[in-house]
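*Asks:* For reference, the file model_12.pdb (PDB, C-alpha atoms) is included below:
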```
ATOM      1  CA  MET Z   1     -55.756 -12.257 -15.387
ATOM      2  CA  ASP Z   2     -58.671 -14.579 -15.496
ATOM      3  CA  VAL Z   3     -60.772 -16.512 -13.050
ATOM      4  CA  HIS Z   4     -59.322 -19.987 -12.927
ATOM      5  CA  LEU Z   5     -61.114 -23.178 -12.098
ATOM      6  CA  SER Z   6     -59.043 -23.536  -8.948
ATOM      7  CA  TRP Z   7     -60.522 -20.308  -7.571
ATOM      8  CA  TYR Z   8     -63.980 -21.788  -7.665
ATOM      9  CA  LEU Z   9     -62.722 -24.994  -6.123
ATOM     10  CA  ALA Z  10     -61.020 -23.055  -3.330
ATOM     11  CA  LEU Z  11     -64.196 -21.082  -2.652
ATOM     12  CA  SER Z  12     -66.171 -24.311  -2.597
ATOM     13  CA  ALA Z  13     -63.702 -25.870  -0.155
ATOM     14  CA  ILE Z  14     -63.916 -22.829   2.120
ATOM     15  CA  LEU Z  15     -67.714 -22.898   2.134
ATOM     16  CA  PHE Z  16     -67.750 -26.639   2.799
ATOM     17  CA  THR Z  17     -65.324 -26.201   5.684
ATOM     18  CA  ILE Z  18     -67.467 -23.463   7.201
ATOM     19  CA  GLY Z  19     -70.441 -25.807   6.934
ATOM     20  CA  VAL Z  20     -68.570 -28.627   8.664
ATOM     21  CA  VAL Z  21     -67.434 -26.285  11.426
ATOM     22  CA  GLY Z  22     -71.027 -25.125  11.869
ATOM     23  CA  VAL Z  23     -72.350 -28.675  12.158
ATOM     24  CA  ILE Z  24     -69.696 -29.427  14.762
ATOM     25  CA  ILE Z  25     -70.015 -26.332  16.940
ATOM     26  CA  LYS Z  26     -73.742 -25.668  16.694
ATOM     27  CA  ARG Z  27     -76.123 -27.329  19.106
ATOM     28  CA  ASN Z  28     -79.394 -25.946  17.795
ATOM     29  CA  ILE Z  29     -80.788 -28.556  15.436
ATOM     30  CA  ILE Z  30     -82.123 -26.012  12.940
ATOM     31  CA  SER Z  31     -78.737 -24.305  12.711
ATOM     32  CA  MET Z  32     -77.115 -27.670  12.060
ATOM     33  CA  PHE Z  33     -79.678 -28.298   9.347
ATOM     34  CA  MET Z  34     -78.789 -25.004   7.660
ATOM     35  CA  CYS Z  35     -75.076 -25.820   7.835
ATOM     36  CA  ILE Z  36     -75.811 -29.083   6.003
ATOM     37  CA  GLU Z  37     -77.567 -27.042   3.315
ATOM     38  CA  LEU Z  38     -74.438 -24.889   3.064
ATOM     39  CA  MET Z  39     -72.296 -27.983   2.505
ATOM     40  CA  LEU Z  40     -74.632 -29.197  -0.240
ATOM     41  CA  ASN Z  41     -74.306 -25.808  -1.916
ATOM     42  CA  ALA Z  42     -70.521 -25.926  -1.752
ATOM     43  CA  VAL Z  43     -70.589 -29.261  -3.569
ATOM     44  CA  ASN Z  44     -72.997 -27.798  -6.117
ATOM     45  CA  LEU Z  45     -70.546 -24.999  -6.815
ATOM     46  CA  THR Z  46     -67.845 -27.582  -7.571
ATOM     47  CA  PHE Z  47     -70.156 -29.422  -9.948
ATOM     48  CA  VAL Z  48     -71.125 -26.280 -11.838
ATOM     49  CA  ALA Z  49     -67.530 -25.052 -12.046
ATOM     50  CA  PHE Z  50     -66.310 -28.337 -13.534
ATOM     51  CA  SER Z  51     -69.306 -28.501 -15.840
ATOM     52  CA  SER Z  52     -68.638 -25.015 -17.133
ATOM     53  CA  TYR Z  53     -64.909 -25.487 -17.606
ATOM     54  CA  PHE Z  54     -65.108 -28.852 -19.309
ATOM     55  CA  ARG Z  55     -68.176 -27.936 -21.383
ATOM     56  CA  ASP Z  56     -70.090 -30.947 -20.132
ATOM     57  CA  VAL Z  57     -73.701 -30.710 -19.076
ATOM     58  CA  THR Z  58     -73.494 -33.711 -16.719
ATOM     59  CA  GLY Z  59     -72.358 -31.661 -13.765
ATOM     60  CA  GLN Z  60     -75.338 -29.368 -13.973
ATOM     61  CA  LEU Z  61     -77.690 -32.336 -14.171
ATOM     62  CA  PHE Z  62     -76.161 -33.641 -10.975
ATOM     63  CA  VAL Z  63     -76.707 -30.234  -9.398
ATOM     64  CA  PHE Z  64     -80.358 -30.481 -10.386
ATOM     65  CA  ILE Z  65     -80.666 -33.855  -8.684
ATOM     66  CA  VAL Z  66     -78.769 -32.642  -5.615
ATOM     67  CA  MET Z  67     -81.243 -29.782  -5.323
ATOM     68  CA  THR Z  68     -84.146 -32.216  -5.476
ATOM     69  CA  VAL Z  69     -82.586 -34.338  -2.755
ATOM     70  CA  ALA Z  70     -82.036 -31.181  -0.697
ATOM     71  CA  ALA Z  71     -85.700 -30.254  -1.039
ATOM     72  CA  ALA Z  72     -86.775 -33.737   0.051
ATOM     73  CA  GLU Z  73     -84.305 -33.562   2.903
ATOM     74  CA  ALA Z  74     -85.731 -30.202   3.969
ATOM     75  CA  ALA Z  75     -89.283 -31.544   4.057
ATOM     76  CA  VAL Z  76     -88.466 -34.717   5.983
ATOM     77  CA  GLY Z  77     -85.828 -33.095   8.192
ATOM     78  CA  LEU Z  78     -88.086 -30.267   9.273
ATOM     79  CA  GLY Z  79     -90.843 -32.807   9.974
ATOM     80  CA  ILE Z  80     -88.438 -34.687  12.236
ATOM     81  CA  ILE Z  81     -87.422 -31.415  13.899
ATOM     82  CA  ILE Z  82     -91.068 -30.572  14.623
ATOM     83  CA  ALA Z  83     -91.689 -34.071  16.005
ATOM     84  CA  ILE Z  84     -88.637 -33.825  18.259
ATOM     85  CA  PHE Z  85     -89.640 -30.382  19.471
ATOM     86  CA  ARG Z  86     -93.161 -31.563  20.221
ATOM     87  CA  ASN Z  87     -91.837 -34.363  22.408
ATOM     88  CA  ARG Z  88     -88.921 -32.670  24.115
ATOM     89  CA  GLU Z  89     -89.847 -28.965  24.107
ATOM     90  CA  SER Z  90     -86.278 -28.280  23.083
ATOM     91  CA  LEU Z  91     -84.198 -28.015  19.929
ATOM     92  CA  ASP Z  92     -80.887 -28.732  21.605
ATOM     93  CA  VAL Z  93     -79.311 -31.847  20.115
ATOM     94  CA  ASP Z  94     -77.917 -32.763  23.530
ATOM     95  CA  ASP Z  95     -81.488 -33.267  24.735
ATOM     96  CA  ALA Z  96     -82.318 -35.627  21.879
ATOM     97  CA  ASN Z  97     -80.198 -38.473  23.136
ATOM     98  CA  ILE Z  98     -82.561 -41.414  22.735
ATOM     99  CA  LEU Z  99     -83.841 -42.689  19.432
ATOM    100  CA  LYS Z 100     -87.499 -42.867  20.428
ATOM    101  CA  LEU Z 101     -89.426 -39.946  19.052
TER     102      LEU Z 101
ATOM    103  CA  MET I   1     -60.271  -8.182 -15.076
ATOM    104  CA  PHE I   2     -63.920  -7.330 -14.686
ATOM    105  CA  THR I   3     -64.813 -10.965 -14.122
ATOM    106  CA  VAL I   4     -62.106 -11.195 -11.480
ATOM    107  CA  LEU I   5     -63.624  -8.253  -9.627
ATOM    108  CA  LEU I   6     -67.079  -9.801  -9.859
ATOM    109  CA  PHE I   7     -65.766 -13.146  -8.668
ATOM    110  CA  LEU I   8     -64.059 -11.545  -5.688
ATOM    111  CA  LEU I   9     -67.193  -9.583  -4.846
ATOM    112  CA  PHE I  10     -69.524 -12.585  -4.892
ATOM    113  CA  ALA I  11     -67.005 -14.934  -3.291
ATOM    114  CA  GLY I  12     -66.468 -12.441  -0.495
ATOM    115  CA  LEU I  13     -70.205 -12.074  -0.077
ATOM    116  CA  ALA I  14     -70.639 -15.849   0.086
ATOM    117  CA  ILE I  15     -67.841 -16.403   2.602
ATOM    118  CA  GLY I  16     -68.904 -13.442   4.736
ATOM    119  CA  CYS I  17     -72.507 -14.580   4.854
ATOM    120  CA  ALA I  18     -71.418 -18.149   5.633
ATOM    121  CA  ILE I  19     -69.218 -17.032   8.527
ATOM    122  CA  SER I  20     -72.014 -14.810   9.774
ATOM    123  CA  MET I  21     -74.386 -17.764   9.583
ATOM    124  CA  VAL I  22     -72.157 -19.875  11.807
ATOM    125  CA  ALA I  23     -71.421 -16.992  14.177
ATOM    126  CA  GLN I  24     -75.021 -15.939  14.798
ATOM    127  CA  ARG I  25     -76.756 -17.298  17.854
ATOM    128  CA  ASN I  26     -80.297 -16.560  16.730
ATOM    129  CA  PRO I  27     -81.371 -19.154  14.120
ATOM    130  CA  LEU I  28     -83.470 -16.581  12.278
ATOM    131  CA  TYR I  29     -80.408 -14.417  11.611
ATOM    132  CA  SER I  30     -78.577 -17.567  10.538
ATOM    133  CA  ALA I  31     -81.345 -18.299   8.046
ATOM    134  CA  ILE I  32     -81.177 -14.807   6.567
ATOM    135  CA  SER I  33     -77.387 -15.061   6.236
ATOM    136  CA  LEU I  34     -77.836 -18.394   4.503
ATOM    137  CA  ILE I  35     -80.161 -16.735   1.999
ATOM    138  CA  GLY I  36     -77.301 -14.305   1.309
ATOM    139  CA  VAL I  37     -74.995 -17.243   0.599
ATOM    140  CA  PHE I  38     -77.541 -18.720  -1.810
ATOM    141  CA  ILE I  39     -77.944 -15.436  -3.695
ATOM    142  CA  ALA I  40     -74.168 -14.998  -3.985
ATOM    143  CA  LEU I  41     -73.826 -18.560  -5.283
ATOM    144  CA  ALA I  42     -76.569 -17.902  -7.833
ATOM    145  CA  CYS I  43     -74.560 -14.913  -9.094
ATOM    146  CA  LEU I  44     -71.487 -17.140  -9.361
ATOM    147  CA  TYR I  45     -73.521 -19.661 -11.378
ATOM    148  CA  VAL I  46     -74.452 -16.892 -13.789
ATOM    149  CA  MET I  47     -70.739 -16.061 -14.126
ATOM    150  CA  LEU I  48     -70.095 -19.736 -14.876
ATOM    151  CA  ALA I  49     -72.607 -19.577 -17.763
ATOM    152  CA  ALA I  50     -75.220 -21.697 -15.983
ATOM    153  CA  PRO I  51     -78.329 -19.506 -15.990
ATOM    154  CA  PHE I  52     -80.757 -22.389 -15.483
ATOM    155  CA  ILE I  53     -79.006 -23.588 -12.357
ATOM    156  CA  ALA I  54     -78.843 -20.000 -11.104
ATOM    157  CA  ALA I  55     -82.596 -19.575 -11.528
ATOM    158  CA  VAL I  56     -83.312 -22.907  -9.853
ATOM    159  CA  GLN I  57     -80.958 -21.964  -7.039
ATOM    160  CA  VAL I  58     -82.913 -18.804  -6.334
ATOM    161  CA  ILE I  59     -86.335 -20.426  -6.724
ATOM    162  CA  VAL I  60     -85.750 -23.709  -4.923
ATOM    163  CA  TYR I  61     -83.111 -22.844  -2.346
ATOM    164  CA  ALA I  62     -83.588 -19.177  -1.551
ATOM    165  CA  GLY I  63     -87.312 -19.483  -2.168
ATOM    166  CA  ALA I  64     -88.828 -22.798  -1.183
ATOM    167  CA  ILE I  65     -86.371 -24.377   1.229
ATOM    168  CA  MET I  66     -85.576 -21.221   3.154
ATOM    169  CA  VAL I  67     -89.249 -20.298   3.431
ATOM    170  CA  LEU I  68     -89.781 -23.724   4.976
ATOM    171  CA  VAL I  69     -86.890 -23.239   7.382
ATOM    172  CA  VAL I  70     -87.990 -19.742   8.409
ATOM    173  CA  PHE I  71     -91.535 -21.037   8.827
ATOM    174  CA  VAL I  72     -90.355 -23.775  11.167
ATOM    175  CA  ILE I  73     -88.171 -21.337  13.123
ATOM    176  CA  MET I  74     -91.128 -19.034  13.654
ATOM    177  CA  LEU I  75     -93.516 -21.922  14.345
ATOM    178  CA  LEU I  76     -91.322 -23.341  17.064
ATOM    179  CA  ASN I  77     -90.478 -19.921  18.502
ATOM    180  CA  VAL I  78     -86.814 -20.784  18.801
ATOM    181  CA  GLU I  79     -84.997 -18.924  21.518
ATOM    182  CA  GLU I  80     -81.396 -17.869  21.195
ATOM    183  CA  GLU I  81     -78.768 -20.419  21.953
ATOM    184  CA  GLU I  82     -77.354 -20.083  25.398
ATOM    185  CA  LYS I  83     -73.667 -19.715  25.931
ATOM    186  CA  LYS I  84     -71.870 -22.841  24.885
ATOM    187  CA  ARG I  85     -70.428 -25.121  27.458
ATOM    188  CA  THR I  86     -66.942 -25.830  26.199
ATOM    189  CA  ARG I  87     -65.966 -29.403  26.641
ATOM    190  CA  LEU I  88     -62.879 -31.344  25.615
ATOM    191  CA  ARG I  89     -60.753 -28.245  25.993
ATOM    192  CA  VAL I  90     -57.593 -30.361  25.817
ATOM    193  CA  LEU I  91     -58.241 -31.111  22.183
ATOM    194  CA  ILE I  92     -57.977 -27.485  21.043
ATOM    195  CA  PRO I  93     -54.166 -27.556  20.409
ATOM    196  CA  ALA I  94     -54.531 -30.788  18.434
ATOM    197  CA  ALA I  95     -57.351 -29.211  16.421
ATOM    198  CA  VAL I  96     -55.244 -26.158  15.610
ATOM    199  CA  LEU I  97     -52.320 -28.368  14.560
ATOM    200  CA  LEU I  98     -54.435 -30.568  12.314
ATOM    201  CA  ALA I  99     -56.130 -27.529  10.770
ATOM    202  CA  ALA I 100     -52.705 -26.036   9.978
ATOM    203  CA  VAL I 101     -51.656 -29.270   8.272
ATOM    204  CA  LEU I 102     -54.880 -29.335   6.270
ATOM    205  CA  ILE I 103     -54.518 -25.717   5.165
ATOM    206  CA  ALA I 104     -50.891 -26.351   4.184
ATOM    207  CA  GLU I 105     -51.904 -29.335   2.068
ATOM    208  CA  ALA I 106     -54.721 -27.415   0.415
ATOM    209  CA  SER I 107     -52.502 -24.449  -0.422
ATOM    210  CA  PHE I 108     -49.817 -26.809  -1.767
ATOM    211  CA  ILE I 109     -52.354 -28.273  -4.148
ATOM    212  CA  PHE I 110     -53.690 -24.854  -4.975
ATOM    213  CA  TYR I 111     -50.282 -23.425  -5.950
ATOM    214  CA  PHE I 112     -48.209 -26.258  -7.319
ATOM    215  CA  VAL I 113     -50.534 -28.535  -9.200
ATOM    216  CA  GLU I 114     -50.681 -27.792 -12.878
ATOM    217  CA  ARG I 115     -53.536 -25.511 -13.818
ATOM    218  CA  ALA I 116     -56.058 -27.736 -15.501
ATOM    219  CA  GLY I 117     -58.934 -25.482 -16.408
ATOM    220  CA  GLN I 118     -58.566 -23.506 -19.528
ATOM    221  CA  PRO I 119     -60.155 -20.067 -19.363
ATOM    222  CA  HIS I 120     -63.636 -20.382 -20.707
ATOM    223  CA  ASP I 121     -65.570 -18.128 -22.976
ATOM    224  CA  PRO I 122     -69.170 -18.147 -21.769
ATOM    225  CA  SER I 123     -70.533 -16.533 -24.913
ATOM    226  CA  THR I 124     -69.785 -19.569 -27.061
ATOM    227  CA  SER I 125     -70.952 -22.185 -24.582
ATOM    228  CA  ASN I 126     -74.491 -23.496 -24.636
ATOM    229  CA  VAL I 127     -73.931 -26.056 -21.891
ATOM    230  CA  GLY I 128     -75.839 -24.224 -19.190
ATOM    231  CA  LEU I 129     -78.896 -23.377 -21.211
ATOM    232  CA  THR I 130     -82.246 -24.863 -20.333
ATOM    233  CA  ALA I 131     -82.504 -26.685 -23.649
ATOM    234  CA  SER I 132     -79.284 -28.646 -23.243
ATOM    235  CA  ILE I 133     -80.100 -29.462 -19.624
ATOM    236  CA  GLY I 134     -83.548 -30.697 -20.667
ATOM    237  CA  ILE I 135     -82.087 -32.835 -23.436
ATOM    238  CA  GLY I 136     -79.595 -34.383 -21.049
ATOM    239  CA  LEU I 137     -82.224 -34.927 -18.377
ATOM    240  CA  PHE I 138     -84.710 -36.669 -20.629
ATOM    241  CA  THR I 139     -82.360 -38.806 -22.718
ATOM    242  CA  GLN I 140     -79.181 -39.956 -21.076
ATOM    243  CA  TYR I 141     -80.191 -39.371 -17.460
ATOM    244  CA  LEU I 142     -83.840 -40.336 -17.629
ATOM    245  CA  LEU I 143     -83.538 -43.058 -14.981
ATOM    246  CA  PRO I 144     -82.048 -40.780 -12.277
ATOM    247  CA  PHE I 145     -84.739 -38.254 -13.114
ATOM    248  CA  GLU I 146     -87.508 -40.788 -12.552
ATOM    249  CA  ILE I 147     -85.874 -42.063  -9.365
ATOM    250  CA  THR I 148     -85.834 -38.459  -8.192
ATOM    251  CA  SER I 149     -89.580 -38.252  -8.641
ATOM    252  CA  VAL I 150     -90.026 -41.416  -6.568
ATOM    253  CA  LEU I 151     -87.799 -39.847  -3.921
ATOM    254  CA  LEU I 152     -89.979 -36.743  -3.838
ATOM    255  CA  LEU I 153     -93.089 -38.884  -3.440
ATOM    256  CA  MET I 154     -91.466 -40.692  -0.512
ATOM    257  CA  ALA I 155     -90.515 -37.345   0.997
ATOM    258  CA  ILE I 156     -94.106 -36.122   0.769
ATOM    259  CA  VAL I 157     -95.427 -39.253   2.482
ATOM    260  CA  GLY I 158     -92.690 -39.161   5.104
ATOM    261  CA  ALA I 159     -93.188 -35.504   5.921
ATOM    262  CA  MET I 160     -96.943 -35.976   6.289
ATOM    263  CA  THR I 161     -96.443 -39.020   8.496
ATOM    264  CA  LEU I 162     -93.933 -37.251  10.697
ATOM    265  CA  ALA I 163     -95.816 -33.999  11.018
ATOM    266  CA  SER I 164     -99.257 -35.496  11.546
ATOM    267  CA  ARG I 165    -100.622 -34.983  15.017
ATOM    268  CA  THR I 166    -101.760 -38.555  15.635
ATOM    269  CA  GLY I 167     -99.729 -40.281  18.278
ATOM    270  CA  GLY I 168     -98.310 -37.202  19.831
ATOM    271  CA  GLY I 169     -99.595 -34.254  21.733
ATOM    272  CA  PHE I 170    -103.117 -33.072  21.142
ATOM    273  CA  PHE I 171    -105.139 -36.219  20.511
ATOM    274  CA  SER I 172    -104.851 -39.658  22.001
ATOM    275  CA  PRO I 173    -103.148 -42.200  19.751
ATOM    276  CA  ASN I 174    -106.295 -44.263  19.178
ATOM    277  CA  VAL I 175    -108.312 -41.471  17.623
ATOM    278  CA  ARG I 176    -109.720 -42.565  14.306
ATOM    279  CA  VAL I 177    -110.775 -40.306  11.520
ATOM    280  CA  VAL I 178    -114.328 -41.158  10.502
ATOM    281  CA  PRO I 179    -116.744 -39.262   8.287
ATOM    282  CA  GLY I 180    -118.818 -36.913  10.370
ATOM    283  CA  ALA I 181    -116.405 -36.977  13.290
ATOM    284  CA  ALA I 182    -116.415 -33.907  15.438
ATOM    285  CA  VAL I 183    -114.150 -32.411  18.055
ATOM    286  CA  LEU I 184    -116.020 -30.362  20.625
ATOM    287  CA  PRO I 185    -114.744 -28.132  23.388
ATOM    288  CA  ARG I 186    -115.665 -29.596  26.747
ATOM    289  CA  GLN I 187    -117.601 -26.512  27.774
ATOM    290  CA  ILE I 188    -120.202 -27.193  25.108
ATOM    291  CA  VAL I 189    -120.932 -30.644  26.479
ATOM    292  CA  ASP I 190    -120.618 -29.960  30.182
ATOM    293  CA  PRO I 191    -122.194 -26.731  31.437
ATOM    294  CA  ASN I 192    -120.104 -26.868  34.604
ATOM    295  CA  ALA I 193    -116.813 -26.753  32.708
ATOM    296  CA  VAL I 194    -116.972 -23.176  31.517
ATOM    297  CA  GLY I 195    -113.679 -22.053  30.084
ATOM    298  CA  ASP I 196    -112.328 -25.580  29.722
ATOM    299  CA  ALA I 197    -111.283 -25.947  26.103
ATOM    300  CA  THR I 198    -109.898 -29.474  26.239
ATOM    301  CA  PRO I 199    -111.400 -31.490  23.426
ATOM    302  CA  VAL I 200    -114.097 -34.099  23.604
ATOM    303  CA  ILE I 201    -113.912 -36.421  20.644
ATOM    304  CA  ALA I 202    -116.992 -37.898  19.109
ATOM    305  CA  GLU I 203    -116.357 -40.503  16.487
ATOM    306  CA  THR I 204    -119.681 -40.455  14.720
ATOM    307  CA  THR I 205    -122.269 -37.868  13.940
ATOM    308  CA  GLU I 206    -124.810 -39.599  16.157
ATOM    309  CA  GLU I 207    -122.451 -39.536  19.106
ATOM    310  CA  ALA I 208    -121.741 -35.872  18.555
ATOM    311  CA  ALA I 209    -125.446 -35.173  18.377
ATOM    312  CA  ARG I 210    -126.053 -37.131  21.588
ATOM    313  CA  LEU I 211    -123.270 -35.231  23.370
ATOM    314  CA  LEU I 212    -124.681 -31.951  22.187
ATOM    315  CA  GLY I 213    -128.216 -32.919  23.099
ATOM    316  CA  VAL I 214    -129.469 -32.432  19.571
ATOM    317  CA  ASP I 215    -132.080 -34.971  18.544
ATOM    318  CA  ASP I 216    -132.446 -34.244  14.874
ATOM    319  CA  VAL I 217    -129.235 -35.455  13.269
ATOM    320  CA  ASP I 218    -130.235 -34.584   9.744
ATOM    321  CA  GLN I 219    -130.606 -30.931  10.481
ATOM    322  CA  LYS I 220    -127.320 -29.148  10.907
ATOM    323  CA  PRO I 221    -127.185 -27.272  14.188
ATOM    324  CA  ASP I 222    -127.016 -23.545  13.745
ATOM    325  CA  GLU I 223    -123.420 -22.456  13.968
ATOM    326  CA  ASP I 224    -124.220 -19.055  15.330
TER     327      ASP I 224
END
```
Represent the supplied structure as structure tokens.
*Replies:*
Amino acid sequence: MDVHLSWYLALSAILFTIGVVGVIIKRNIISMFMCIELMLNAVNLTFVAFSSYFRDVTGQLFVFIVMTVAAAEAAVGLGIIIAIFRNRESLDVDDANILKL
Amino acid sequence: MFTVLLFLLFAGLAIGCAISMVAQRNPLYSAISLIGVFIALACLYVMLAAPFIAAVQVIVYAGAIMVLVVFVIMLLNVEEEEKKRTRLRVLIPAAVLLAAVLIAEASFIFYFVERAGQPHDPSTSNVGLTASIGIGLFTQYLLPFEITSVLLLMAIVGAMTLASRTGGGFFSPNVRVVPGAAVLPRQIVDPNAVGDATPVIAETTEEAARLLGVDDVDQKPDED
């Protein structure tokens, strides 16, 4: 009995689904941000699993780039969160219902 | 068999931490659960013979990004989420039905599609090593790599623009930064306003000196 590729894909799908559910049911903007990070990680797991099973380095390069994008997203996203909090004194996404910062 | 046990251990850890992350009301506990997910995924990357990605996962995700998130949570002093107001209650049966269909489709694919991945032997693979990743990154995928650096530069500028205090909160929007500018508590300038710490902004050194009543601009006033 060996670990098949489909096991990793199933785990990735489960993690992605949990992330989607979190984005939908959470109302705290930081929690939603962390659920987005979870979804990015689920996709990364798919990339690495395919890369390892097909002996192709491309998937891991994409994971590298996804991580860079996630870091940029964290910097800009947390800056936006701080700006929103400074204006509204709240992190509830229901309170942030106009585009003006 | 041993790898199966390890996979089940780390997969269970990842799913448990992920569910805990969504279930927690306090964002700080959510962040710590998310770190657990990242560590479990790093272990799975090691099992998939990708040690470089595993190391980067721990350093960048569990290290840098989560430190930033925890820092923001503590900076903003986030309170716990209050009890959710449930809306659109009529849609719950439809949601359950659609979720059942989705799970059925996923399990159909999982069981009946031909198994594509051949079992791998990590000891003979050098795909995940740092050398092969570096070669790929600097030859075939050089352009995405450079675009990534431009993206990071834009992120730095954007984060500084967004997080800078001008235009919101403490200072008025027309404050300019000039050499020698000083921000003084009001109680220094006005003896009647003892205990009033709202800022008085002087845009030049001369103005600051005039406000402070110091004639000699060249000599620095004694800080003590």
*Asks:* Just the residues within 8 Å of segment 138-148 of chain I, please, counting only C-alpha atoms, with nothing from its chain fewer than 2 positions along; format it as a PyMOL selection string.
*Replies:* (chain Z and resi 65+68-69) or (chain I and resi 134-136+150-152)
*Asks:* Within 9 Å of (-77.2, -30.8, -5.8) in the file's own coordinates, which protein, DNA or RNA residues have an atom, counting all atoms listed in the file? List them as a PDB file with C-alpha atoms, in the coordinates of the input.
*Replies:*
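Here's the written file selection.pdb:
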```pdb
ATOM      1  CA  LEU Z  40     -74.632 -29.197  -0.240  1.00  0.00           C
ATOM      2  CA  ASN Z  41     -74.306 -25.808  -1.916  1.00  0.00           C
ATOM      3  CA  VAL Z  43     -70.589 -29.261  -3.569  1.00  0.00           C
ATOM      4  CA  ASN Z  44     -72.997 -27.798  -6.117  1.00  0.00           C
ATOM      5  CA  LEU Z  45     -70.546 -24.999  -6.815  1.00  0.00           C
ATOM      6  CA  PHE Z  47     -70.156 -29.422  -9.948  1.00  0.00           C
ATOM      7  CA  GLN Z  60     -75.338 -29.368 -13.973  1.00  0.00           C
ATOM      8  CA  LEU Z  61     -77.690 -32.336 -14.171  1.00  0.00           C
ATOM      9  CA  PHE Z  62     -76.161 -33.641 -10.975  1.00  0.00           C
ATOM     10  CA  VAL Z  63     -76.707 -30.234  -9.398  1.00  0.00           C
ATOM     11  CA  PHE Z  64     -80.358 -30.481 -10.386  1.00  0.00           C
ATOM     12  CA  ILE Z  65     -80.666 -33.855  -8.684  1.00  0.00           C
ATOM     13  CA  VAL Z  66     -78.769 -32.642  -5.615  1.00  0.00           C
ATOM     14  CA  MET Z  67     -81.243 -29.782  -5.323  1.00  0.00           C
ATOM     15  CA  THR Z  68     -84.146 -32.216  -5.476  1.00  0.00           C
ATOM     16  CA  VAL Z  69     -82.586 -34.338  -2.755  1.00  0.00           C
ATOM     17  CA  ALA Z  70     -82.036 -31.181  -0.697  1.00  0.00           C
TER      18      ALA Z  70
END
```
*Asks:* Expand the PyMOL selection byres ((chain I and resi 74) around 12) into the explicit residue set it covers here, and present it as a list in words.
*Replies:*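 Matching residues under the PyMOL selection byres ((chain I and resi 74) around 12) are Ile30 and Ile82 of chain Z; Asn26, Pro27, Leu28, Tyr29, Ala31, Val67, Leu68, Val69, Val70, Phe71, Val72, Ile73, Leu75, Leu76, Asn77, Val78 and Glu79 of chain I.
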*Asks:* If the cut-off is 6 Å, can you tell me the residues of chain I near chain Z, counting all atoms listed in the file? I'd like them as a list of chain:residue names.
*Replies:*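 Those within range of chain Z come out as I:Val4, I:Val22, I:Pro27, I:Leu48, I:Gly117, I:Val127, I:Leu152, I:Ala155, I:Ala159, I:Leu162, I:Ala163.
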*Asks:* Go ahead and compute the interatomic distance for atom CA of Met66 of chain I and atom CA of Met21 of chain I, in Å to one decimal.
*Replies:*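 Value for the atom CA of Met66 of chain I-atom CA of Met21 of chain I distance: 13.4 Å.
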*Asks:* If I wrap all listed atoms of segment 54-70 of chain I in a box with edges along x, y and z and add 3 Å on each side, what are its centre and edge lengths in Å to one decimal, as JSON?
*Replies:*
```
{"center_x": -84.3, "center_y": -21.6, "center_z": -1.6, "size_x": 16.9, "size_y": 11.6, "size_z": 25.9}
```
